[in-house]
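Dumped my_file09.tsv below, it's TSV, C-alpha atoms (C1' of nucleotides):
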chain	number	residue	atom	x	y	z
X	2	MET	CA	-8.36	14.66	-19.32
X	3	PRO	CA	-8.79	11.58	-17.10
X	4	ASN	CA	-12.26	10.53	-16.13
X	5	ALA	CA	-13.45	12.23	-12.96
X	6	THR	CA	-13.69	10.59	-9.57
X	7	PRO	CA	-17.21	9.44	-8.75
X	8	ALA	CA	-18.88	11.12	-5.80
X	9	THR	CA	-18.79	7.80	-3.98
X	10	ALA	CA	-15.01	8.02	-3.67
X	11	HIS	CA	-13.69	6.64	-0.41
X	12	ASN	CA	-11.38	9.33	0.95
X	13	ALA	CA	-9.08	6.84	2.63
X	14	LEU	CA	-8.04	5.54	-0.80
X	15	LEU	CA	-6.83	8.90	-2.17
X	16	LEU	CA	-3.20	8.55	-3.21
X	17	ASP	CA	-2.00	11.79	-1.70
X	18	GLN	CA	-3.47	11.04	1.69
X	19	GLN	CA	-1.65	7.74	1.97
X	20	LEU	CA	1.24	7.58	4.39
X	21	CYS	CA	2.50	4.52	2.54
X	22	PHE	CA	2.88	6.45	-0.70
X	23	ALA	CA	4.49	9.44	1.01
X	24	LEU	CA	7.07	7.05	2.47
X	25	TYR	CA	7.54	5.14	-0.77
X	26	SER	CA	7.95	8.18	-3.00
X	27	SER	CA	10.14	10.04	-0.49
X	28	SER	CA	12.40	7.04	-0.14
X	29	LEU	CA	12.78	6.86	-3.92
X	30	ALA	CA	13.43	10.63	-4.03
X	31	MET	CA	16.09	10.18	-1.36
X	32	THR	CA	17.78	7.45	-3.38
X	33	LYS	CA	17.78	9.74	-6.42
X	34	LEU	CA	19.35	12.51	-4.36
X	35	TYR	CA	22.11	10.17	-3.18
X	36	LYS	CA	22.83	8.78	-6.63
X	37	PRO	CA	25.02	11.64	-7.92
X	38	LEU	CA	26.70	11.87	-4.50
X	39	LEU	CA	27.56	8.16	-4.47
X	40	GLU	CA	28.42	7.77	-8.15
X	41	PRO	CA	31.91	9.31	-7.77
X	42	LEU	CA	32.58	6.72	-5.04
X	43	GLY	CA	31.37	3.88	-7.25
X	44	LEU	CA	28.63	2.93	-4.79
X	45	THR	CA	24.93	2.21	-5.05
X	46	TYR	CA	22.66	3.35	-2.25
X	47	PRO	CA	22.20	-0.09	-0.60
X	48	GLN	CA	25.95	-0.62	-0.82
X	49	TYR	CA	26.42	2.69	0.99
X	50	LEU	CA	24.11	1.44	3.76
X	51	VAL	CA	26.24	-1.69	4.12
X	52	LEU	CA	29.31	0.52	4.50
X	53	LEU	CA	27.57	2.63	7.15
X	54	VAL	CA	27.21	-0.54	9.21
X	55	LEU	CA	30.74	-1.76	8.54
X	56	TRP	CA	32.27	1.62	9.35
X	57	GLU	CA	30.66	1.35	12.78
X	58	GLY	CA	32.38	-2.01	13.19
X	59	ASP	CA	33.27	-4.75	10.73
X	60	GLY	CA	33.69	-8.49	11.08
X	61	CYS	CA	29.96	-9.04	11.54
X	62	MET	CA	28.05	-11.95	10.08
X	63	VAL	CA	25.82	-11.63	7.03
X	64	SER	CA	22.81	-12.26	9.25
X	65	GLU	CA	23.85	-9.45	11.61
X	66	LEU	CA	24.14	-7.08	8.67
X	67	GLY	CA	20.68	-8.23	7.66
X	68	GLU	CA	19.19	-7.52	11.08
X	69	ARG	CA	20.71	-4.08	11.09
X	70	LEU	CA	19.51	-3.22	7.58
X	71	TYR	CA	16.26	-5.27	7.58
X	72	LEU	CA	17.48	-7.22	4.54
X	73	ASP	CA	17.85	-10.95	4.03
X	74	SER	CA	20.61	-13.12	2.59
X	75	GLY	CA	18.86	-13.23	-0.76
X	76	THR	CA	19.52	-9.53	-1.09
X	77	LEU	CA	22.80	-9.30	0.78
X	78	THR	CA	24.74	-12.22	-0.66
X	79	PRO	CA	24.89	-10.94	-4.26
X	80	LEU	CA	25.28	-7.33	-3.06
X	81	LEU	CA	28.25	-8.27	-0.86
X	82	LYS	CA	29.79	-10.25	-3.71
X	83	ARG	CA	29.65	-7.17	-5.91
X	84	MET	CA	31.21	-5.09	-3.15
X	85	GLN	CA	33.96	-7.68	-2.74
X	86	THR	CA	34.62	-7.60	-6.49
X	87	ALA	CA	34.80	-3.80	-6.26
X	88	GLY	CA	37.42	-4.22	-3.54
X	89	TRP	CA	35.59	-2.63	-0.60
X	90	LEU	CA	35.35	-5.76	1.56
X	91	GLN	CA	36.28	-9.39	2.12
X	92	ARG	CA	33.94	-12.27	2.95
X	93	GLN	CA	35.40	-15.04	5.14
X	94	ARG	CA	33.93	-18.24	6.50
X	95	ASP	CA	34.08	-18.32	10.28
X	96	SER	CA	36.48	-21.13	11.27
X	97	ASP	CA	34.54	-21.73	14.51
X	98	ASP	CA	31.29	-22.28	12.60
X	99	GLU	CA	31.66	-22.85	8.90
X	100	ARG	CA	28.05	-21.87	8.25
X	101	ARG	CA	28.84	-18.28	9.12
X	102	VAL	CA	30.38	-15.74	6.77
X	103	ARG	CA	32.03	-12.70	8.32
X	104	VAL	CA	32.42	-9.46	6.44
X	105	TYR	CA	35.58	-7.37	6.78
X	106	LEU	CA	36.42	-3.98	5.28
X	107	THR	CA	39.49	-3.72	3.09
X	108	GLU	CA	41.76	-0.73	3.43
X	109	ALA	CA	40.03	0.75	0.37
X	110	GLY	CA	36.65	0.26	2.00
X	111	ARG	CA	37.86	1.90	5.20
X	112	GLN	CA	39.22	4.88	3.29
X	113	LEU	CA	35.96	5.48	1.42
X	114	ARG	CA	34.63	6.81	4.69
X	115	GLU	CA	36.47	10.08	4.39
X	116	GLN	CA	34.99	10.75	0.98
X	117	ALA	CA	31.54	9.84	2.29
X	118	ALA	CA	31.87	12.22	5.23
X	119	ALA	CA	30.69	15.15	3.08
X	120	ILE	CA	27.44	13.49	2.07
X	121	PRO	CA	25.24	14.09	5.16
X	122	ALA	CA	25.73	17.85	4.86
X	123	CYS	CA	24.52	17.75	1.23
X	124	VAL	CA	21.37	15.95	2.25
X	125	LEU	CA	20.82	18.34	5.14
X	126	ALA	CA	21.11	21.28	2.76
X	127	HIS	CA	18.57	19.78	0.39
X	128	SER	CA	16.11	19.09	3.19
X	129	GLN	CA	16.08	22.79	4.11
X	130	CYS	CA	15.57	21.71	7.71
X	131	THR	CA	17.53	22.23	10.88
X	132	VAL	CA	19.45	19.30	12.32
X	133	GLN	CA	16.89	19.23	15.15
X	134	GLU	CA	13.96	19.03	12.76
X	135	LEU	CA	15.59	16.20	10.85
X	136	GLN	CA	16.36	14.31	14.05
X	137	ALA	CA	12.77	14.66	15.20
X	138	LEU	CA	11.41	13.45	11.85
X	139	THR	CA	13.89	10.56	11.81
X	140	GLN	CA	12.71	9.45	15.24
X	141	GLN	CA	9.05	9.61	14.25
X	142	ILE	CA	9.71	7.50	11.18
X	143	GLN	CA	11.79	5.02	13.21
X	144	GLN	CA	8.93	4.66	15.67
X	145	LEU	CA	6.55	4.06	12.80
X	146	ARG	CA	8.91	1.42	11.40
X	147	SER	CA	9.01	-0.45	14.68
X	148	ARG	CA	5.22	-0.46	14.85
X	149	LEU	CA	4.77	-1.55	11.25
X	150	ALA	CA	7.22	-4.40	11.72
X	151	ALA	CA	5.51	-5.65	14.89
X	152	PRO	CA	2.53	-8.01	14.74
X	153	LEU	CA	-0.79	-6.39	15.64
X	154	PRO	CA	-1.10	-6.46	19.46
X	155	ALA	CA	-3.79	-8.91	20.51
X	156	ALA	CA	-7.05	-7.16	21.32
X	157	SER	CA	-7.13	-8.27	24.95
C	15	MET	CA	31.42	-9.72	18.10
C	16	PRO	CA	32.02	-7.10	15.40
C	17	ASN	CA	35.04	-4.87	15.71
C	18	ALA	CA	34.31	-1.74	17.73
C	19	THR	CA	33.84	1.70	16.27
C	20	PRO	CA	36.98	3.79	16.49
C	21	ALA	CA	36.78	6.90	18.68
C	22	THR	CA	37.20	9.01	15.55
C	23	ALA	CA	33.74	7.98	14.34
C	24	HIS	CA	31.94	10.75	12.52
C	25	ASN	CA	28.51	10.92	14.14
C	26	ALA	CA	26.76	12.04	10.97
C	27	LEU	CA	27.56	8.65	9.40
C	28	LEU	CA	25.87	6.54	12.08
C	29	LEU	CA	23.22	4.38	10.43
C	30	ASP	CA	20.52	4.96	13.00
C	31	GLN	CA	20.81	8.72	12.83
C	32	GLN	CA	20.27	8.79	9.09
C	33	LEU	CA	16.93	10.07	7.87
C	34	CYS	CA	17.59	8.31	4.57
C	35	PHE	CA	17.77	4.92	6.26
C	36	ALA	CA	14.73	5.57	8.42
C	37	LEU	CA	12.77	6.35	5.25
C	38	TYR	CA	14.22	3.43	3.32
C	39	SER	CA	13.63	0.82	6.01
C	40	SER	CA	10.18	2.16	6.91
C	41	SER	CA	9.14	2.10	3.29
C	42	LEU	CA	10.26	-1.52	3.02
C	43	ALA	CA	8.45	-2.32	6.28
C	44	MET	CA	5.31	-0.71	4.88
C	45	THR	CA	5.54	-2.82	1.73
C	46	LYS	CA	5.88	-5.94	3.88
C	47	LEU	CA	2.80	-4.91	5.86
C	48	TYR	CA	0.80	-4.46	2.67
C	49	LYS	CA	1.90	-7.74	1.15
C	50	PRO	CA	-0.48	-10.07	3.00
C	51	LEU	CA	-3.26	-7.50	2.59
C	52	LEU	CA	-2.74	-7.30	-1.19
C	53	GLU	CA	-2.01	-10.97	-1.83
C	54	PRO	CA	-5.70	-12.00	-1.66
C	55	LEU	CA	-6.40	-9.37	-4.34
C	56	GLY	CA	-3.54	-10.64	-6.53
C	57	LEU	CA	-1.76	-7.28	-6.44
C	58	THR	CA	1.78	-6.16	-5.75
C	59	TYR	CA	2.32	-2.92	-3.88
C	60	PRO	CA	3.27	-0.78	-6.92
C	61	GLN	CA	0.30	-2.22	-8.79
C	62	TYR	CA	-1.91	-1.11	-5.89
C	63	LEU	CA	-0.50	2.42	-6.22
C	64	VAL	CA	-1.42	2.43	-9.92
C	65	LEU	CA	-4.96	1.43	-8.98
C	66	LEU	CA	-5.16	4.22	-6.38
C	67	VAL	CA	-4.53	6.67	-9.23
C	68	LEU	CA	-6.92	4.99	-11.64
C	69	TRP	CA	-9.70	4.76	-9.03
C	70	GLU	CA	-9.49	8.54	-8.73
C	71	GLY	CA	-10.00	8.75	-12.49
C	72	ASP	CA	-8.92	6.52	-15.35
C	73	GLY	CA	-8.15	7.19	-19.00
C	74	CYS	CA	-4.91	8.98	-18.14
C	75	MET	CA	-1.73	8.67	-20.15
C	76	VAL	CA	1.23	6.56	-19.03
C	77	SER	CA	3.23	9.76	-18.54
C	78	GLU	CA	0.51	11.23	-16.30
C	79	LEU	CA	0.55	8.08	-14.19
C	80	GLY	CA	4.31	8.47	-14.00
C	81	GLU	CA	4.10	12.09	-12.82
C	82	ARG	CA	1.62	11.12	-10.18
C	83	LEU	CA	3.67	8.16	-8.92
C	84	TYR	CA	7.17	9.53	-9.63
C	85	LEU	CA	7.90	6.54	-11.88
C	86	ASP	CA	9.05	6.43	-15.50
C	87	SER	CA	7.92	4.42	-18.51
C	88	GLY	CA	10.72	1.91	-17.98
C	89	THR	CA	9.00	0.91	-14.76
C	90	LEU	CA	5.39	1.49	-15.74
C	91	THR	CA	5.21	-0.16	-19.16
C	92	PRO	CA	5.99	-3.71	-18.01
C	93	LEU	CA	4.00	-3.20	-14.80
C	94	LEU	CA	0.92	-2.06	-16.76
C	95	LYS	CA	1.32	-4.99	-19.15
C	96	ARG	CA	1.21	-7.38	-16.21
C	97	MET	CA	-1.88	-5.63	-14.85
C	98	GLN	CA	-3.53	-5.85	-18.27
C	99	THR	CA	-2.73	-9.56	-18.41
C	100	ALA	CA	-4.27	-9.91	-14.95
C	101	GLY	CA	-7.42	-8.26	-16.30
C	102	TRP	CA	-7.46	-5.08	-14.17
C	103	LEU	CA	-6.98	-2.59	-17.00
C	104	GLN	CA	-6.77	-1.93	-20.73
C	105	ARG	CA	-4.08	0.06	-22.59
C	106	GLN	CA	-5.22	1.92	-25.69
C	107	ARG	CA	-3.37	4.11	-28.15
C	108	ASP	CA	-4.88	7.60	-28.29
C	109	SER	CA	-6.35	8.06	-31.79
C	110	ASP	CA	-5.66	11.81	-31.65
C	111	ASP	CA	-1.96	11.22	-30.97
C	112	GLU	CA	-0.71	7.74	-31.62
C	113	ARG	CA	2.31	8.26	-29.38
C	114	ARG	CA	0.08	8.32	-26.34
C	115	VAL	CA	-1.24	5.29	-24.52
C	116	ARG	CA	-4.26	5.75	-22.30
C	117	VAL	CA	-5.01	3.44	-19.41
C	118	TYR	CA	-8.57	2.39	-18.61
C	119	LEU	CA	-9.87	0.26	-15.76
C	120	THR	CA	-11.81	-2.86	-16.61
C	121	GLU	CA	-14.92	-3.72	-14.66
C	122	ALA	CA	-12.81	-6.17	-12.63
C	123	GLY	CA	-10.32	-3.40	-11.86
C	124	ARG	CA	-13.11	-1.09	-10.78
C	125	GLN	CA	-14.57	-3.72	-8.51
C	126	LEU	CA	-11.26	-4.39	-6.76
C	127	ARG	CA	-11.78	-1.04	-5.06
C	128	GLU	CA	-14.38	-2.38	-2.69
C	129	GLN	CA	-12.05	-5.13	-1.49
C	130	ALA	CA	-9.25	-2.60	-1.10
C	131	ALA	CA	-11.44	-0.29	0.98
C	132	ALA	CA	-10.62	-2.26	4.14
C	133	ILE	CA	-6.87	-1.85	3.79
C	134	PRO	CA	-6.32	1.69	5.13
C	135	ALA	CA	-7.92	0.75	8.45
C	136	CYS	CA	-5.50	-2.17	8.82
C	137	VAL	CA	-2.53	0.09	8.28
C	138	LEU	CA	-3.96	2.67	10.69
C	139	ALA	CA	-4.34	-0.02	13.34
C	140	HIS	CA	-0.75	-1.17	12.88
C	141	SER	CA	0.58	2.36	13.14
C	142	GLN	CA	-1.00	2.76	16.59
C	143	CYS	CA	-1.52	6.43	15.74
C	144	THR	CA	-4.55	8.64	15.48
C	145	VAL	CA	-5.74	9.70	12.04
C	146	GLN	CA	-4.55	13.21	12.87
C	147	GLU	CA	-1.06	12.03	13.80
C	148	LEU	CA	-0.79	10.06	10.57
C	149	GLN	CA	-1.99	13.00	8.50
C	150	ALA	CA	0.58	15.26	10.13
C	151	LEU	CA	3.39	12.77	9.53
C	152	THR	CA	2.26	12.24	5.95
C	153	GLN	CA	2.41	15.98	5.30
C	154	GLN	CA	5.86	16.30	6.81
C	155	ILE	CA	7.15	13.49	4.61
C	156	GLN	CA	5.47	14.98	1.53
C	157	GLN	CA	7.16	18.30	2.23
C	158	LEU	CA	10.49	16.53	2.57
C	159	ARG	CA	9.86	14.75	-0.75
C	160	SER	CA	9.22	18.02	-2.55
C	161	ARG	CA	12.43	19.47	-1.17
C	162	LEU	CA	14.52	16.41	-1.99
C	163	ALA	CA	13.20	16.37	-5.55
C	164	ALA	CA	13.96	20.06	-6.10
C	165	PRO	CA	17.40	21.25	-7.19
C	166	LEU	CA	19.38	23.02	-4.48
C	167	PRO	CA	18.28	26.67	-4.45
C	168	ALA	CA	21.10	28.86	-5.77
C	169	ALA	CA	23.07	30.49	-2.95
C	170	SER	CA	22.22	34.06	-3.97
B	1	DC	C1'	5.92	21.25	-47.72
B	2	DC	C1'	10.11	19.17	-45.54
B	3	DC	C1'	12.96	17.58	-42.30
B	4	DA	C1'	15.30	18.28	-37.91
B	5	DA	C1'	13.90	18.47	-33.24
B	6	DT	C1'	10.84	17.00	-29.86
B	7	DT	C1'	7.85	13.90	-27.50
B	8	DA	C1'	5.64	9.37	-25.64
B	9	DA	C1'	6.27	4.68	-25.00
B	10	DG	C1'	8.77	0.80	-25.25
B	11	DT	C1'	13.15	-1.94	-24.80
B	12	DT	C1'	17.47	-3.43	-22.70
B	13	DG	C1'	20.53	-4.17	-19.04
B	14	DC	C1'	21.63	-4.08	-14.28
B	15	DA	C1'	20.94	-3.86	-9.20
B	16	DC	C1'	18.09	-4.53	-5.82
B	17	DG	C1'	14.19	-6.94	-2.41
B	18	DC	C1'	12.13	-10.98	-1.21
B	19	DA	C1'	9.66	-15.63	-1.25
B	20	DA	C1'	10.85	-20.22	-1.74
B	21	DT	C1'	14.12	-23.60	-2.00
B	22	DT	C1'	18.71	-25.74	-1.56
B	23	DT	C1'	23.20	-26.72	0.49
B	24	DA	C1'	26.17	-27.38	4.12
B	25	DA	C1'	27.33	-27.17	8.98
B	26	DT	C1'	25.95	-27.61	13.71
B	27	DT	C1'	23.05	-29.04	17.51
B	28	DG	C1'	20.61	-31.92	20.49
B	29	DA	C1'	17.23	-35.51	21.93
B	30	DG	C1'	17.42	-40.26	22.81
J	22	DC	C1'	27.10	-41.77	19.14
J	23	DT	C1'	23.43	-41.00	15.68
J	24	DC	C1'	20.37	-38.83	12.99
J	25	DA	C1'	16.56	-35.66	12.68
J	26	DA	C1'	15.95	-30.84	13.40
J	27	DT	C1'	17.85	-26.45	13.20
J	28	DT	C1'	20.65	-22.78	11.46
J	29	DA	C1'	23.41	-19.67	8.07
J	30	DA	C1'	24.23	-18.66	3.45
J	31	DA	C1'	23.55	-19.22	-1.11
J	32	DT	C1'	20.59	-19.93	-5.11
J	33	DT	C1'	16.51	-19.32	-8.09
J	34	DG	C1'	12.80	-16.81	-9.93
J	35	DC	C1'	10.08	-12.77	-10.32
J	36	DG	C1'	8.74	-7.87	-9.96
J	37	DT	C1'	10.22	-3.62	-9.56
J	38	DG	C1'	13.21	1.14	-10.38
J	39	DC	C1'	15.99	3.45	-13.40
J	40	DA	C1'	19.67	4.85	-16.86
J	41	DA	C1'	20.45	4.63	-21.59
J	42	DC	C1'	18.77	3.81	-25.84
J	43	DT	C1'	15.33	2.85	-29.62
J	44	DT	C1'	11.05	3.39	-32.15
J	45	DA	C1'	7.36	5.84	-33.84
J	46	DA	C1'	4.46	9.91	-34.06
J	47	DT	C1'	4.05	14.85	-33.96
J	48	DT	C1'	5.60	19.58	-34.29
J	49	DG	C1'	7.58	23.62	-36.07
J	50	DG	C1'	11.11	26.58	-38.29
J	51	DG	C1'	12.40	27.89	-42.85

Show the structure stored in the file as structure tokens.
Amino acid sequence: MPNATPATAHNALLLDQQLCFALYSSSLAMTKLYKPLLEPLGLTYPQYLVLLVLWEGDGCMVSELGERLYLDSGTLTPLLKRMQTAGWLQRQRDSDDERRVRVYLTEAGRQLREQAAAIPACVLAHSQCTVQELQALTQQIQQLRSRLAAPLPAAS
Amino acid sequence: MPNATPATAHNALLLDQQLCFALYSSSLAMTKLYKPLLEPLGLTYPQYLVLLVLWEGDGCMVSELGERLYLDSGTLTPLLKRMQTAGWLQRQRDSDDERRVRVYLTEAGRQLREQAAAIPACVLAHSQCTVQELQALTQQIQQLRSRLAAPLPAAS
DNA sequence: CCCAATTAAGTTGCACGCAATTTAATTGAG
DNA sequence: CTCAATTAAATTGCGTGCAACTTAATTGGG
């Protein structure tokens, strides 16, 4: 039995009251839920996110992918290389500006979309929520994200 | 300009409608918010989570820490070794059952708590929410986590 | 008592995330 | 036009997460 919490415990530091931990552990749980759904497609979860962006429109720069996914080139470059090796996409230097690398889906990458189409319904089923409830929660979490990412407003 | 989405786009696959991505990106944003708050203490974010558990009561087994944090020994063992090297905790084999390793805070680890006490208020300020709003959101996300982690109920 | 099964940590290998740095291309002030 | 500053990716190094496996200790059926 672990040693008991002293009476001086500061409530704000209790693990199960922390929003940060709820987010962190739920995000990991979500990734674990996706794993068996993505394994048959040969995708990891971050690779799936890249495809979600590319399926909306490919030919974007690495930095645009990064803005969309909140990831930097240090994460994306090796991830995109692995996806290119797997045959889902092509990376091409932009001839107008050789610093840029544009990312294009291959036919195989485009066709993965149909297999992925069944995934959202699986997640919905697991959540035991209505579509409306999930949308509302998604929006709340998006709003939180935008506030967390912003600098603290100056106390005018 | 990236290629446009075809009219056949399946709405459920749009990145910004995905709860999974909202969770994922918000969790990363939260970690980035904590980073400058934890850096002065010499802690990473997962290390801080371990301390939250230990501050509630130390002497627990590695597996108990893992149940609490939803992490396995493959993650915790090296992380705890680094924290021991840093001087925050001690790992000791349980003499009653030599398979078990119990984790104890050092005096330095116990004292970190006072410096950490200021952190929740910083996060609250960034969230621009009331305590009540944050509690409600935390509970919703915890409920989602429990559902995601559970196997799909059999369709009786 | 014995040994097969179980259990708790630890190890290995791989894919992220991200800070810090490097490389290469482009821009723009003078 | 020139070169310092800027920009876009890529690289390096480190700390997670986690699957798969190994090691060592304990348990329990016969």

Select from chain C every residue with an atom at most 8 Å from any atom of chain B, then for each give the shortest pair of atoms and their distance in Å to one decimal, using all atoms listed in the file, rows by chain and rising number, as a tab-separated table.
residue	atom	partner	partner_atom	distance
C:Ser77	CA	B:DA8	C1'	7.5
C:Ser87	CA	B:DA9	C1'	6.7
C:Gly88	CA	B:DG10	C1'	7.6
C:Thr91	CA	B:DG10	C1'	7.1
C:Arg113	CA	B:DA8	C1'	5.1
C:Arg114	CA	B:DA8	C1'	5.7
C:Val115	CA	B:DA9	C1'	7.6

*asked:* Should the cut-off be 12 Å, what would the residue list for chain X against chain J look like, counting all atoms listed in the file, as an MDAnalysis selection string?
replied: chainID X and resid 25:26 28:30 32:33 36 62:65 67 73:79 81:82 92:95 98:103

*Using only C-alpha atoms, which of the listed residues (C:Asn25, C:Val67, C:Gln146, C:Tyr62) sits closest to chain X?*
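Closest to chain X of all the choices is C:Val67.
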
Under the rule of at most 7 Å, produce a per-residue listing of chain X near chain C: chain, number, name, the closest pair of atoms, and the distance in Å, as CSV, using all atoms listed in the file.
residue,atom,partner,partner_atom,distance
X:Met2,CA,C:Cys74,CA,6.7
X:Pro3,CA,C:Cys74,CA,4.8
X:Asn4,CA,C:Gly71,CA,4.6
X:Ala5,CA,C:Gly71,CA,4.9
X:Thr6,CA,C:Glu70,CA,4.7
X:Ala13,CA,C:Pro134,CA,6.4
X:Leu14,CA,C:Leu66,CA,6.4
X:Leu15,CA,C:Leu66,CA,6.5
X:Leu16,CA,C:Leu66,CA,5.7
X:Leu20,CA,C:Thr152,CA,5.0
X:Cys21,CA,C:Met44,CA,6.4
X:Ala23,CA,C:Gln156,CA,5.6
X:Leu24,CA,C:Ser41,CA,5.4
X:Tyr25,CA,C:Ser41,CA,5.3
X:Ser26,CA,C:Tyr84,CA,6.8
X:Ser27,CA,C:Arg159,CA,4.7
X:Ser28,CA,C:Tyr38,CA,5.3
X:Ala30,CA,C:Ala163,CA,5.9
X:Met31,CA,C:Cys34,CA,6.4
X:Leu34,CA,C:Leu162,CA,6.6
X:Leu53,CA,C:Leu29,CA,5.7
X:Val54,CA,C:Leu29,CA,6.5
X:Glu57,CA,C:Thr19,CA,4.7
X:Gly58,CA,C:Asn17,CA,4.6
X:Asp59,CA,C:Asn17,CA,5.3
X:Gly60,CA,C:Pro16,CA,4.8
X:Cys61,CA,C:Pro16,CA,4.8
X:Tyr71,CA,C:Ser39,CA,6.8
X:Ala118,CA,C:Leu27,CA,7.0
X:Pro121,CA,C:Ala26,CA,6.3
X:His127,CA,C:Leu162,CA,5.8
X:Ser128,CA,C:Arg161,CA,5.7
X:Leu135,CA,C:Leu33,CA,6.9
X:Thr139,CA,C:Leu33,CA,5.0
X:Ile142,CA,C:Ala36,CA,6.0
X:Gln143,CA,C:Ala36,CA,5.6
X:Leu145,CA,C:Ser141,CA,6.2
X:Arg146,CA,C:Ser40,CA,4.7
X:Arg148,CA,C:Ser141,CA,5.7
X:Leu149,CA,C:His140,CA,5.8
X:Ala150,CA,C:Ala43,CA,6.0
X:Leu153,CA,C:His140,CA,5.9

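One distance worth recording is that between CA of Val132 in chain X and CA of Leu66 in chain X, which is 27.0 Å.
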
*asked:* Quick check, in Å to one decimal: how far apart do CA of Ala122 in chain C and CA of Thr99 in chain C lie?
replied: 12.1 Å

_Can you measure CA of Gln91 in chain X to CA of Pro41 in chain X for me? One decimal in Å is fine._
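Taking CA of Gln91 in chain X as the start and CA of Pro41 in chain X as the end point, the length is 21.6 Å.
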